[in-house]
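Below: the structure, in structure tokens.
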Amino acid sequence: MCRIFAGQDPARFECVTRSVRLSGHATSIRLEAAFWDILDQIAEGQGLTTPKFLSTLHDEVAELRGDVPNFTSMLRTTCLLHISGAAQGEAEDLALLAASAA
């Protein structure tokens, strides 16, 4: 089993830094390429560019929590939620809730 993990393409875990604007401030986020691929997919699914998705997500977390202490770690767990399908289930629940309210 370890060969599956050990044999993966090193490009997947290469760190990539992207510049983004969060809450009006320019910053850099450094993540492994595999996480960027997933975030790009999530953003596309939302009809947003990745920078716009990150900015929107950051603003929503700040609104809910008042602070975003470790945004990079939160992005990694966002990717895990997306892969596990947990985010899809919640999105479906929200869509049903919105439809019933209309």
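Just so we're on the same page: first chain in the structure tokens is A, next is B, and so on; residues restart at 1 for each chain, and ligands are numbered from 1 in the order they show up.
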
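Residues in contact with Arg30 in chain A at 12 Å, where only C-alpha atoms are counted and same-chain residues fewer than 5 positions away are skipped, are listed as Phe13, Glu14, Cys15, Val16, Thr17, Arg18, Ser19, Val20, Phe35, Trp36, Phe71, Thr72, Ser73, Leu75 and Arg76 of chain A.
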
Residues from the last selection, N, CA and C atoms, saved as a short mmCIF file (atom, residue, chain, number, x, y, z; two decimals), in the first residue's frame:
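Written output follows (selection_32.cif):
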data_model
loop_
_atom_site.label_atom_id
_atom_site.label_comp_id
_atom_site.auth_asym_id
_atom_site.auth_seq_id
_atom_site.Cartn_x
_atom_site.Cartn_y
_atom_site.Cartn_z
N PHE A 13 3.07 17.16 -4.78
CA PHE A 13 3.35 17.73 -3.47
C PHE A 13 4.36 18.87 -3.51
N GLU A 14 4.65 19.33 -4.71
CA GLU A 14 5.49 20.52 -4.85
C GLU A 14 4.71 21.73 -4.36
N CYS A 15 5.35 22.58 -3.57
CA CYS A 15 4.68 23.78 -3.05
C CYS A 15 4.59 24.85 -4.14
N VAL A 16 3.42 25.44 -4.22
CA VAL A 16 3.15 26.49 -5.19
C VAL A 16 2.62 27.69 -4.42
N THR A 17 3.16 28.85 -4.71
CA THR A 17 2.71 30.09 -4.06
C THR A 17 1.91 30.91 -5.06
N ARG A 18 0.74 31.35 -4.64
CA ARG A 18 -0.09 32.22 -5.47
C ARG A 18 -0.38 33.49 -4.69
N SER A 19 -0.39 34.59 -5.41
CA SER A 19 -0.75 35.88 -4.81
C SER A 19 -2.24 36.09 -4.97
N VAL A 20 -2.89 36.49 -3.89
CA VAL A 20 -4.33 36.76 -3.90
C VAL A 20 -4.61 38.00 -3.07
N PHE A 35 -3.47 20.48 -3.76
CA PHE A 35 -4.52 21.28 -3.13
C PHE A 35 -4.98 22.40 -4.07
N TRP A 36 -4.05 23.01 -4.78
CA TRP A 36 -4.43 24.05 -5.75
C TRP A 36 -5.33 23.46 -6.82
N PHE A 71 -5.70 30.43 7.62
CA PHE A 71 -6.47 30.27 6.39
C PHE A 71 -5.91 29.14 5.52
N THR A 72 -4.60 29.00 5.46
CA THR A 72 -4.00 27.96 4.64
C THR A 72 -4.43 26.57 5.12
N SER A 73 -4.41 26.34 6.41
CA SER A 73 -4.87 25.05 6.95
C SER A 73 -6.35 24.86 6.67
N LEU A 75 -7.92 25.95 4.12
CA LEU A 75 -8.05 25.60 2.71
C LEU A 75 -7.76 24.11 2.50
N ARG A 76 -6.79 23.58 3.21
CA ARG A 76 -6.50 22.15 3.09
C ARG A 76 -7.70 21.31 3.56
#

What's the 12 Å shell around range 6-10 of chain A, counting only C-alpha atoms, without same-chain residues fewer than 5 positions away, as a list in words?
Met1, Cys15, Glu32, Ala33 and Ala34 of chain A

Where does DSSP see strand (DSSP E or B) in chain A, if you list the residues as a PyMOL selection string?
chain A and resi 15-22+25-32

List as a PyMOL selection string the protein and nucleic acid residues near Asp59 in chain A, meaning an atom at most 10 Å away when only C-alpha atoms are counted, but skip any in the same chain fewer than 6 places from it.
chain A and resi 22-23+53+65-68

Write out as a ChimeraX atom specification each polymer residue whose atoms come within 8 Å of Thr50 in chain A, counting only C-alpha atoms; drop sequence neighbours fewer than 4 positions from it.
/A:39-40,43-44,54

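Distance annotation: of A:Arg21, A:Thr56, A:Ser28, A:Ile38, the residue with the minimal separation from Leu80 in chain A is A:Ile38; atom set is only C-alpha atoms.
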